[in-house]
file target.txt (compact mmCIF, C-alpha atoms)
# COMPACT_ATOMS: atom_id res chain seq x y z
CA MET A 1 115.30 -25.50 85.99
CA THR A 2 118.15 -24.09 88.07
CA THR A 3 121.79 -24.96 88.00
CA THR A 4 124.06 -24.83 90.95
CA PRO A 5 127.61 -23.70 90.54
CA PRO A 6 130.29 -26.32 91.10
CA VAL A 7 131.81 -26.35 94.53
CA LEU A 8 135.54 -26.10 94.31
CA PRO A 9 137.54 -28.22 96.68
CA PRO A 10 139.67 -26.40 99.19
CA ALA A 11 143.13 -25.57 97.95
CA ALA A 12 146.03 -27.68 99.22
CA GLY A 13 148.51 -25.89 101.33
CA PRO A 14 149.00 -24.58 104.72
CA ASP A 15 145.92 -24.35 106.85
CA VAL A 16 144.29 -21.05 106.28
CA PRO A 17 141.37 -20.24 108.49
CA HIS A 18 138.25 -19.76 106.48
CA PRO A 19 135.23 -17.92 107.49
CA PRO A 20 132.45 -20.13 108.53
CA PRO A 21 130.15 -20.82 105.70
CA SER A 22 127.10 -18.70 105.78
CA PRO A 23 123.82 -20.40 105.71
CA PRO A 24 122.06 -20.36 102.41
CA GLY A 25 120.01 -17.21 101.97
CA ALA A 26 121.83 -15.21 104.69
CA GLY A 27 123.11 -12.42 102.26
CA PRO A 28 119.79 -10.77 101.13
CA ARG A 29 118.21 -11.15 104.57
CA GLY A 30 121.19 -9.32 106.14
CA ARG A 31 120.78 -6.42 103.70
CA ARG A 32 117.06 -6.25 104.52
CA SER A 33 117.80 -6.22 108.21
CA GLY A 34 120.37 -3.44 107.55
CA ALA A 35 117.80 -1.30 105.64
CA ALA A 36 115.13 -1.64 108.29
CA PRO A 37 116.50 1.03 110.63
CA TRP A 38 116.80 3.41 107.70
CA LEU A 39 113.28 2.79 106.72
CA ALA A 40 112.20 3.26 110.32
CA VAL A 41 114.09 6.54 110.54
CA ALA A 42 112.63 7.68 107.21
CA LEU A 43 109.18 6.69 108.40
CA VAL A 44 109.63 8.64 111.63
CA LEU A 45 110.92 11.61 109.69
CA ALA A 46 108.05 11.39 107.26
CA LEU A 47 105.58 11.21 110.11
CA ALA A 48 107.26 14.13 111.84
CA LEU A 49 107.23 16.07 108.59
CA ALA A 50 103.58 15.27 108.03
CA GLY A 51 102.75 16.28 111.59
CA TYR A 52 104.63 19.53 111.24
CA LEU A 53 102.98 20.31 107.96
CA TRP A 54 99.58 19.55 109.44
CA VAL A 55 100.22 21.82 112.42
CA THR A 56 101.60 24.51 110.17
CA THR A 57 98.69 24.30 107.81
CA THR A 58 96.10 24.53 110.57
CA GLU A 59 97.97 27.46 112.15
CA TRP A 60 98.14 29.30 108.82
CA GLN A 61 94.45 28.60 108.28
CA ARG A 62 93.64 29.93 111.73
CA THR A 63 95.76 33.08 111.38
CA SER A 64 94.50 33.57 107.85
CA GLN A 65 90.96 33.55 109.19
CA GLU A 66 91.93 36.00 111.91
CA TRP A 67 93.52 38.30 109.35
CA GLN A 68 90.43 37.99 107.23
CA ASP A 69 88.31 38.98 110.22
CA GLU A 70 90.63 41.89 110.94
CA ALA A 71 90.51 42.95 107.32
CA ASN A 72 86.72 42.83 107.35
CA ARG A 73 86.61 44.81 110.59
CA TYR A 74 88.97 47.47 109.21
CA ALA A 75 87.09 47.58 105.95
CA SER A 76 83.92 48.16 107.90
CA GLU A 77 85.65 50.84 109.97
CA ALA A 78 87.05 52.42 106.81
CA ALA A 79 83.60 52.51 105.26
CA THR A 80 82.20 54.13 108.40
CA LEU A 81 85.07 56.63 108.51
CA ASP A 82 84.57 57.32 104.81
CA GLN A 83 80.95 58.19 105.47
CA GLN A 84 81.93 60.31 108.44
CA LEU A 85 84.58 62.03 106.29
CA ASP A 86 81.99 62.80 103.64
CA GLY A 87 79.78 64.28 106.34
CA ALA A 88 82.67 66.23 107.84
CA ASN A 89 83.68 67.50 104.39
CA ALA A 90 80.14 68.65 103.77
CA GLU A 91 80.16 70.43 107.13
CA VAL A 92 83.55 71.99 106.34
CA ASP A 93 82.24 73.22 102.99
CA ALA A 94 79.21 74.70 104.71
CA ALA A 95 81.46 76.27 107.36
CA ARG A 96 83.70 77.71 104.65
CA GLU A 97 80.69 79.26 102.95
CA GLN A 98 79.51 80.68 106.26
CA LEU A 99 83.02 81.98 106.97
CA ALA A 100 83.20 83.59 103.53
CA ALA A 101 79.79 85.19 104.12
CA ALA A 102 80.88 86.33 107.59
CA THR A 103 84.17 87.81 106.39
CA GLY A 104 82.37 89.50 103.51
CA ARG A 105 79.87 90.95 105.96
CA ILE A 106 82.66 92.06 108.30
CA SER A 107 84.35 93.82 105.38
CA GLU A 108 81.08 95.51 104.48
CA LEU A 109 80.51 96.61 108.06
CA ALA A 110 84.10 97.84 108.34
CA ASN A 111 83.58 99.85 105.18
CA GLU A 112 80.23 101.21 106.40
CA LYS A 113 81.83 102.19 109.68
CA ALA A 114 84.68 103.91 107.82
CA GLN A 115 82.26 105.78 105.58
CA LEU A 116 80.17 106.84 108.56
CA GLY A 117 83.35 107.98 110.28
CA ASP A 118 84.29 109.99 107.21
CA GLU A 119 80.82 111.50 107.02
CA ASN A 120 80.92 112.27 110.72
CA VAL A 121 84.25 114.03 110.40
CA ALA A 122 83.12 115.84 107.27
CA SER A 123 79.91 116.91 109.02
CA ARG A 124 81.85 118.13 112.02
CA GLN A 125 84.19 120.08 109.75
CA HIS A 126 81.16 121.51 107.93
CA LEU A 127 79.58 122.48 111.23
CA ASP A 128 82.80 124.12 112.31
CA TYR A 129 82.86 125.98 109.02
CA GLN A 130 79.23 127.01 109.43
CA ALA A 131 79.95 128.20 112.94
CA ARG A 132 82.91 130.23 111.71
CA VAL A 133 80.81 131.69 108.91
CA SER A 134 78.01 132.50 111.33
CA GLN A 135 80.44 134.20 113.67
CA ALA A 136 81.86 136.14 110.76
CA ALA A 137 78.36 137.06 109.57
CA ALA A 138 77.50 138.27 113.05
CA LYS A 139 80.63 140.40 113.15
CA VAL A 140 79.85 141.77 109.69
CA ALA A 141 76.28 142.54 110.77
CA VAL A 142 77.56 144.32 113.86
CA ALA A 143 80.06 146.27 111.80
CA LEU A 144 77.41 147.22 109.25
CA GLY A 145 75.09 148.21 112.07
CA GLN A 146 77.79 150.40 113.59
CA CYS A 147 78.34 151.89 110.16
CA VAL A 148 74.66 152.69 109.80
CA ASN A 149 74.47 154.15 113.29
CA ALA A 150 77.56 156.25 112.68
CA GLN A 151 76.15 157.48 109.39
CA ASP A 152 72.86 158.36 111.11
CA GLN A 153 74.81 160.22 113.71
CA LEU A 154 76.83 161.98 111.01
CA ILE A 155 73.62 162.97 109.21
CA GLY A 156 72.29 164.43 112.45
CA TYR A 157 75.50 166.42 112.91
CA LEU A 158 75.42 167.66 109.33
CA GLU A 159 71.79 168.84 109.69
CA ASP A 160 73.00 171.15 112.42
CA ALA A 161 76.50 171.71 111.09
CA ASP A 162 76.79 175.26 112.33
CA ALA A 163 76.64 174.01 115.89
CA TYR A 164 79.79 171.93 115.44
CA ASP A 165 83.42 172.55 114.67
CA PRO A 166 83.93 171.92 110.92
CA ALA A 167 87.28 170.19 111.51
CA GLY A 168 85.67 167.89 114.06
CA LEU A 169 82.86 167.10 111.64
CA THR A 170 85.33 166.29 108.91
CA ARG A 171 87.33 164.05 111.23
CA PHE A 172 84.12 162.29 112.33
CA LYS A 173 83.05 161.87 108.71
CA ASP A 174 86.41 160.28 107.87
CA GLU A 175 86.12 157.91 110.83
CA VAL A 176 82.62 156.91 109.80
CA GLY A 177 83.82 156.36 106.26
CA GLU A 178 86.71 154.20 107.51
CA LEU A 179 84.35 152.19 109.73
CA CYS A 180 81.91 151.64 106.87
CA ASP A 181 84.73 150.70 104.49
CA LYS A 182 85.91 148.03 106.93
CA ALA A 183 82.34 146.81 107.36
CA ASN A 184 81.90 146.68 103.60
CA ASP A 185 85.20 144.82 103.15
CA ALA A 186 84.17 142.31 105.79
CA ASN A 187 80.80 141.91 104.13
CA GLN A 188 82.48 141.51 100.75
CA ALA A 189 84.81 138.80 102.12
CA LEU A 190 81.87 137.00 103.71
CA GLN A 191 79.91 137.08 100.47
CA GLU A 192 82.88 135.69 98.56
CA GLU A 193 83.36 132.97 101.17
CA LEU A 194 79.71 132.02 100.94
CA ARG A 195 79.88 131.93 97.17
CA SER A 196 82.93 129.58 97.17
CA MET B 1 134.44 -1.69 105.96
CA ARG B 2 132.71 -0.91 102.73
CA ARG B 3 129.26 -1.37 104.21
CA GLY B 4 130.22 0.88 107.18
CA THR B 5 131.35 3.57 104.83
CA TRP B 6 128.10 3.43 102.94
CA ARG B 7 126.18 3.62 106.21
CA ALA B 8 128.15 6.67 107.27
CA TRP B 9 127.52 8.29 103.92
CA GLY B 10 123.87 7.41 104.13
CA LEU B 11 123.55 8.84 107.60
CA ALA B 12 125.30 12.01 106.58
CA THR B 13 123.09 12.31 103.54
CA LEU B 14 119.98 11.76 105.65
CA ILE B 15 121.04 14.41 108.14
CA ALA B 16 121.87 16.82 105.32
CA VAL B 17 118.57 16.20 103.56
CA THR B 18 116.66 16.55 106.82
CA THR B 19 118.45 19.76 107.70
CA ALA B 20 117.98 21.18 104.24
CA GLY B 21 114.37 20.06 104.25
CA CYS B 22 113.73 21.90 107.50
CA GLY B 23 115.00 25.03 105.84
CA VAL B 24 112.43 24.93 103.07
CA LEU B 25 109.52 23.98 105.29
CA PRO B 26 107.07 26.85 105.88
CA PRO B 27 107.42 28.41 109.34
CA LEU B 28 104.55 28.72 111.76
CA PRO B 29 102.64 31.97 111.29
CA GLU B 30 103.12 34.93 113.58
CA PRO B 31 100.15 35.55 115.89
CA VAL B 32 97.77 38.24 114.70
CA PRO B 33 98.52 41.42 116.70
CA SER B 34 95.71 42.87 118.78
CA GLU B 35 96.34 46.40 117.43
CA ILE B 36 97.48 47.13 113.91
CA THR B 37 99.21 50.42 113.31
CA PRO B 38 100.03 51.90 109.90
CA SER B 39 103.64 51.40 108.86
CA GLY B 40 103.92 55.07 107.84
CA ALA B 41 102.18 58.08 109.36
CA ALA B 42 99.70 59.60 106.96
CA GLY B 43 100.77 62.98 105.62
CA LEU B 44 98.88 65.90 107.15
CA GLU B 45 99.07 68.12 104.09
CA PRO B 46 96.11 70.45 103.52
CA ALA B 47 93.59 69.18 101.05
CA LEU B 48 94.10 70.20 97.46
CA GLY B 49 92.47 73.52 96.74
CA SER B 50 91.90 74.42 100.37
CA ASP B 51 92.93 77.86 101.60
CA PRO B 52 95.55 78.22 104.31
CA LEU B 53 94.03 78.73 107.72
CA SER B 54 93.97 82.14 109.34
CA PRO B 55 92.78 83.22 112.78
CA ASP B 56 89.57 84.75 111.47
CA GLY B 57 89.16 83.77 107.83
CA PHE B 58 90.96 86.82 106.42
CA ASP B 59 94.16 86.47 104.41
CA ALA B 60 97.44 87.69 105.85
CA VAL B 61 97.59 90.38 103.16
CA GLN B 62 94.21 91.70 104.25
CA ARG B 63 95.15 91.59 107.92
CA MET B 64 98.25 93.76 107.45
CA ALA B 65 96.48 96.56 105.53
CA VAL B 66 95.20 99.64 107.33
CA ARG B 67 93.01 102.56 106.32
CA VAL B 68 94.33 106.01 107.23
CA ARG B 69 91.95 108.93 107.77
CA ASN B 70 93.67 112.29 107.78
CA VAL B 71 91.47 114.80 109.57
CA GLY B 72 92.91 118.09 108.46
CA CYS B 73 92.09 121.48 109.79
CA ASP B 74 89.87 122.27 106.84
CA GLU B 75 89.43 119.07 104.93
CA LEU B 76 89.34 115.31 105.15
CA SER B 77 91.36 112.80 103.14
CA THR B 78 91.93 109.05 103.26
CA GLY B 79 94.82 106.82 102.34
CA SER B 80 96.18 103.34 102.88
CA GLY B 81 99.06 101.84 104.78
CA PHE B 82 100.46 98.56 106.01
CA ALA B 83 102.12 97.25 109.13
CA ILE B 84 105.79 96.41 109.22
CA ASP B 85 105.80 95.32 112.85
CA LYS B 86 103.39 95.16 115.77
CA HIS B 87 103.33 98.91 116.39
CA THR B 88 104.64 100.50 113.19
CA LEU B 89 103.01 101.08 109.85
CA ILE B 90 104.17 102.66 106.63
CA THR B 91 102.21 105.01 104.42
CA ASN B 92 102.92 108.04 102.23
CA LYS B 93 104.10 111.43 103.38
CA HIS B 94 101.25 113.13 101.54
CA VAL B 95 98.73 110.87 103.31
CA VAL B 96 99.65 112.18 106.75
CA ALA B 97 100.54 115.77 105.78
CA ASP B 98 98.59 118.77 107.14
CA SER B 99 96.64 116.74 109.66
CA SER B 100 95.20 117.70 112.98
CA ASN B 101 94.32 114.11 113.75
CA LEU B 102 95.28 110.77 112.20
CA GLN B 103 92.84 107.88 112.51
CA VAL B 104 93.79 104.32 111.57
CA SER B 105 91.45 101.36 111.20
CA THR B 106 92.03 97.71 110.30
CA TYR B 107 90.47 95.32 107.77
CA ASP B 108 87.74 94.38 110.26
CA GLY B 109 86.85 97.94 111.24
CA ARG B 110 88.79 98.12 114.48
CA ASP B 111 90.19 101.55 115.34
CA ILE B 112 93.90 101.65 116.15
CA ASP B 113 95.14 104.24 118.59
CA VAL B 114 97.82 106.30 116.84
CA GLY B 115 100.90 107.57 118.63
CA THR B 116 103.27 109.58 116.50
CA ALA B 117 103.90 110.09 112.81
CA ALA B 118 107.09 110.97 111.00
CA THR B 119 107.80 111.69 107.35
CA ALA B 120 110.87 111.15 105.18
CA ALA B 121 112.49 114.15 103.56
CA LEU B 122 113.75 112.36 100.45
CA ALA B 123 110.85 110.06 99.66
CA ASP B 124 107.07 110.05 99.79
CA LEU B 125 107.13 107.85 102.86
CA ALA B 126 105.85 108.19 106.40
CA ILE B 127 106.07 106.06 109.51
CA VAL B 128 103.19 105.95 111.96
CA ARG B 129 103.70 104.47 115.43
CA THR B 130 100.63 102.98 117.06
CA ARG B 131 99.80 102.35 120.71
CA ASP B 132 97.50 99.43 119.86
CA ALA B 133 99.00 96.30 118.34
CA LEU B 134 98.55 95.78 114.61
CA PRO B 135 97.04 92.42 113.58
CA SER B 136 99.66 91.21 111.12
CA PHE B 137 102.72 92.39 109.24
CA PRO B 138 104.46 91.08 106.11
CA GLU B 139 108.08 90.41 105.29
CA LEU B 140 109.99 93.04 103.33
CA ALA B 141 111.66 91.79 100.14
CA GLU B 142 115.44 91.92 100.04
CA ALA B 143 115.69 93.45 96.58
CA ASP B 144 113.62 95.37 94.07
CA PRO B 145 111.54 93.31 91.61
CA GLU B 146 112.51 92.71 88.00
CA GLN B 147 110.54 93.82 84.99
CA GLY B 148 107.70 91.37 84.33
CA ASP B 149 107.40 90.19 87.94
CA ASP B 150 103.93 89.76 89.40
CA VAL B 151 102.71 92.46 91.75
CA THR B 152 99.69 92.57 94.06
CA ILE B 153 98.48 95.80 95.59
CA ILE B 154 96.21 95.89 98.62
CA GLY B 155 94.64 99.05 99.91
CA TYR B 156 91.56 101.25 100.12
CA PRO B 157 91.06 102.90 96.70
CA SER B 158 88.78 105.94 96.92
CA GLY B 159 88.51 105.33 100.66
CA GLY B 160 86.17 102.40 99.97
CA GLU B 161 86.42 98.69 100.70
CA LEU B 162 89.70 96.89 101.12
CA THR B 163 90.65 95.87 97.58
CA ILE B 164 93.29 93.65 96.02
CA SER B 165 94.50 94.43 92.50
CA SER B 166 97.12 92.56 90.51
CA GLY B 167 99.46 93.38 87.68
CA LEU B 168 103.02 93.24 86.44
CA VAL B 169 106.08 95.36 87.02
CA ILE B 170 106.54 97.38 83.83
CA GLY B 171 109.87 98.92 84.71
CA SER B 172 111.38 101.87 86.53
CA THR B 173 111.53 105.58 85.82
CA ARG B 174 112.54 108.90 87.26
CA ASP B 175 109.90 110.19 89.67
CA PRO B 176 107.65 112.47 87.59
CA LEU B 177 106.44 114.18 90.79
CA ASN B 178 109.93 114.73 92.12
CA ALA B 179 108.73 113.45 95.46
CA ASN B 180 111.36 110.72 95.65
CA LEU B 181 115.08 110.64 95.23
CA GLY B 182 116.18 108.10 92.64
CA GLU B 183 114.10 105.83 90.45
CA VAL B 184 110.60 104.59 91.17
CA LEU B 185 108.81 101.46 89.95
CA VAL B 186 105.99 101.45 87.40
CA THR B 187 103.34 98.71 87.41
CA ASP B 188 100.11 98.17 85.50
CA ALA B 189 98.15 97.29 88.65
CA LYS B 190 95.19 99.65 88.99
CA VAL B 191 95.14 102.17 91.82
CA GLU B 192 92.93 105.12 92.72
CA PRO B 193 93.20 108.15 95.00
CA GLY B 194 93.08 106.58 98.45
CA SER B 195 95.41 103.77 97.38
CA SER B 196 98.39 105.89 98.37
CA GLY B 197 100.43 104.04 100.98
CA SER B 198 99.23 100.62 99.83
CA ALA B 199 101.69 97.77 100.02
CA ALA B 200 102.82 96.23 96.73
CA LEU B 201 103.61 92.53 97.21
CA ASP B 202 105.47 89.98 95.11
CA SER B 203 104.21 86.46 94.41
CA GLN B 204 105.56 85.29 97.78
CA GLY B 205 103.70 87.96 99.73
CA ARG B 206 106.77 90.09 100.43
CA VAL B 207 106.62 93.88 100.18
CA ILE B 208 108.40 95.17 97.06
CA GLY B 209 107.20 98.76 97.17
CA VAL B 210 104.75 101.38 98.41
CA VAL B 211 102.14 102.92 96.09
CA TYR B 212 102.33 106.71 96.01
CA ALA B 213 100.83 107.89 92.70
CA LYS B 214 99.28 106.92 89.40
CA THR B 215 100.19 108.08 85.92
CA ALA B 216 97.97 109.52 83.21
CA ASP B 217 98.08 106.06 81.59
CA ASP B 218 96.49 104.50 84.70
CA ASP B 219 99.74 102.84 85.69
CA SER B 220 100.78 102.90 89.32
CA LEU B 221 104.00 104.31 90.72
CA LEU B 222 105.77 102.67 93.65
CA VAL B 223 108.49 103.74 96.02
CA PRO B 224 110.81 100.71 95.62
CA ILE B 225 111.60 98.53 98.60
CA SER B 226 115.30 99.41 98.33
CA THR B 227 114.40 103.04 99.07
CA VAL B 228 112.10 101.97 101.89
CA ARG B 229 114.87 99.86 103.43
CA GLU B 230 117.36 102.69 103.01
CA MET B 231 115.03 105.14 104.77
CA LEU B 232 114.16 102.71 107.55
CA SER B 233 117.81 102.01 108.27
CA ASP B 234 118.54 105.73 108.66
CA SER B 235 116.92 107.03 111.85
CA ALA B 236 117.63 110.62 110.76
CA ALA B 237 115.69 110.16 107.53
CA PHE B 238 112.34 110.76 109.26
CA GLU B 239 111.14 113.89 111.00
CA ASP B 240 108.07 114.22 113.18
CA VAL B 241 104.99 115.53 111.41
CA THR B 242 103.84 119.00 112.37
CA THR B 243 100.12 119.05 112.91
CA CYS B 244 97.86 121.92 112.00
CA THR B 245 96.06 123.63 114.86
CA GLY B 246 92.95 124.85 113.14
CA SER B 247 91.98 128.20 111.71

call {"tool": "encode", "arguments": {"input": "target.txt", "output": "C-alpha cells"}}
result
Amino acid sequence: MTTTPPVLPPAAGPDVPHPPPSPPGAGPRGRRSGAAPWLAVALVLALALAGYLWVTTTEWQRTSQEWQDEANRYASEAATLDQQLDGANAEVDAAREQLAAATGRISELANEKAQLGDENVASRQHLDYQARVSQAAAKVAVALGQCVNAQDQLIGYLEDADAYDPAGLTRFKDEVGELCDKANDANQALQEELRS
Amino acid sequence: MRRGTWRAWGLATLIAVTTAGCGVLPPLPEPVPSEITPSGAAGLEPALGSDPLSPDGFDAVQRMAVRVRNVGCDELSTGSGFAIDKHTLITNKHVVADSSNLQVSTYDGRDIDVGTAATAALADLAIVRTRDALPSFPELAEADPEQGDDVTIIGYPSGGELTISSGLVIGSTRDPLNANLGEVLVTDAKVEPGSSGSAALDSQGRVIGVVYAKTADDDSLLVPISTVREMLSDSAAFEDVTTCTGS
C-alpha cells in the first residue's frame, strides 16, 4: 500500500510564475536519457579498445612467430657454424702440427747446412795446410838432396885432395856443411810441424 | 547548472581515463627486420693458448738470431749474433777477430752477404754490416735489468742448433776477463762456446745484454745494454776489423 504526499495549496501572494508541472515519472526517465550518450560513448570506446587489443594481439602473435622462425633459423645456422668451427679448429690443429714439424725440419736442415759449411771450411783449411806441408816437404827433400850431392862432391874432392887448393877445399866443405845444416833445420822444423 | 557541471566533469574524466588508458595499452610490435646484425662486434682476440702469428712459423726471437762463422787464416770458429736493424747485427769482438772471411747465416739456413765489420775498443762488442736484409730485429731495452729479472738467451751454443735458454739475472760484477770497461751482468742462464754474441732478452723480448763469456760456475756473463747503447751512440767507439791475409 502506497501513500501519496499531501499536495500543498499554492501560497497566497503576488503571482509568481511557476514552472509547469512535470508529468509523473518524468524525473528518472530524464536521467536515463541523459546517461544513454555516456553509455554509447563507453560502448564505442570499449569496442574500439577491444578492436585495438585484438589487432595488437594478432600482430604480436604474428611477429612472435616470425621471431621464433628467425630464432630457429639462426639456431640452425649457429649449429652448422659450430660444426664448421670444430672442423676448422681440427684443421688448424693439424696445420699447427705440420707447421711445427716443418719449422723443426727447417731448423735441422739449417743446422746440417751450417755443419757441412763448417766441415767444408775445415776441410779446405786442412787441404791448404796439407798443401803447405807438402810444399815444405818438397823443399826439405830438395835441400837434403842438394846436401847429399854436395857431400858426394866433397868426398870426391877429398879423395883427390892433392889436386885441389886446400883453402878452396876448406871453403867448399864449410859451404856444404852450411847447406846441410839448413837442410837439417828445415827437416827438423817439418818433422816438428808434422808431429804437432 | 548542477547537472551541466557534472556532465562537464564526467566528460573530462572520460577523456582523462581514455587518454591514460591509451598510454598503458600495449603498442603494435615492430616489424621483424630482414637482416639481424649483432649489437656489438665480436672481439677478434686470438684464442686462448694460441701462439702469435709469424710469417713462417718461427718466433721473432728466432728470426733475429744469426750464426757467425769466422774463417780464420789457420782455424775456424763460430759464434752468435743478433740483428739490431735491417742491415746491422751485433756480436762479440772475439767472434770476428783474426778472420779472413766472415760468414753469417739465419735461423732458416739462409746465407747473409756480409759487408764490413767493426769492433769496439772498450767492450767485447762488434758491429757487422750486411748487404742482404736481416729477417727481424728486436727492440733494445732502455735500462739494465735488476737482480732477479728473467732473462732469455738465444744463440748457437757449440755452433749447433739455434737454442733458447732461460734464467735469472744474478747481479753484476767487474769483468773478470778485463775485456769490458765497467761492470758486466751475471746470469744463471746456460751458455756454451759458440753462444758468444747471443742476445739476452727480458720478459718483454727486449735486448738487455750481449753474452760474451761464461764463468767457472757455469754462469753467463753479459755486456749490459747500457754499455751497448753507449758504444752505439759513439761512432768513434768502433774501428774496422783488420783481416788476416793467410800464411

call {"tool": "axis_aligned_box", "arguments": {"input": "target.txt", "around": "range 50-68 of chain A", "padding_each_side": "6 Å", "output": "AutoDock Vina command-line options"}}
result
--center_x 97.5 --center_y 26.8 --center_z 109.8 --size_x 26.2 --size_y 35.0 --size_z 17.2

call {"tool": "closest_residue", "arguments": {"input": "target.txt", "among": "B:Val241, B:Ala117, B:Leu134, B:Leu222", "to": "Val66 in chain B", "atoms": "only C-alpha atoms"}}
result
B:Leu134

call {"tool": "interface_residues", "arguments": {"input": "target.txt", "of": "chain A", "to": "chain B", "cutoff": "7 Å", "atoms": "all atoms listed in the file", "output": "PyMOL selection string"}}
result
chain A and resi 56+59-60+63+66-67+99+103+106-107+110-111+113+122+125

call {"tool": "atom_distance", "arguments": {"input": "target.txt", "atom1": "CA of Leu122 in chain B", "atom2": "CA of Asp234 in chain B"}}
result
11.6 Å

call {"tool": "atom_distance", "arguments": {"input": "target.txt", "atom1": "CA of Ala46 in chain A", "atom2": "CA of Ile15 in chain B"}}
result
13.4 Å

call {"tool": "residues_around", "arguments": {"input": "target.txt", "residues": "range 196-201 of chain B", "least_positions_apart": "4", "cutoff": "9 Å", "atoms": "only C-alpha atoms", "output": "count of residues only"}}
result
39

call {"tool": "atom_distance", "arguments": {"input": "target.txt", "atom1": "CA of Ile84 in chain B", "atom2": "CA of Glu139 in chain B"}}
result
7.5 Å

call {"tool": "closest_residue", "arguments": {"input": "target.txt", "among": "B:Asp218, B:Asp124, B:Asp132, B:Asp202", "to": "Ala237 in chain B", "atoms": "only C-alpha atoms"}}
result
B:Asp124

call {"tool": "closest_residue", "arguments": {"input": "target.txt", "among": "B:Val17, B:Leu221, B:Met64, B:Leu168", "to": "Ala42 in chain A", "atoms": "only C-alpha atoms"}}
result
B:Val17

call {"tool": "closest_residue", "arguments": {"input": "target.txt", "among": "B:Ser158, B:Ala121, B:Thr173, B:Ala179", "to": "Ala114 in chain A", "atoms": "all atoms listed in the file"}}
result
B:Ser158
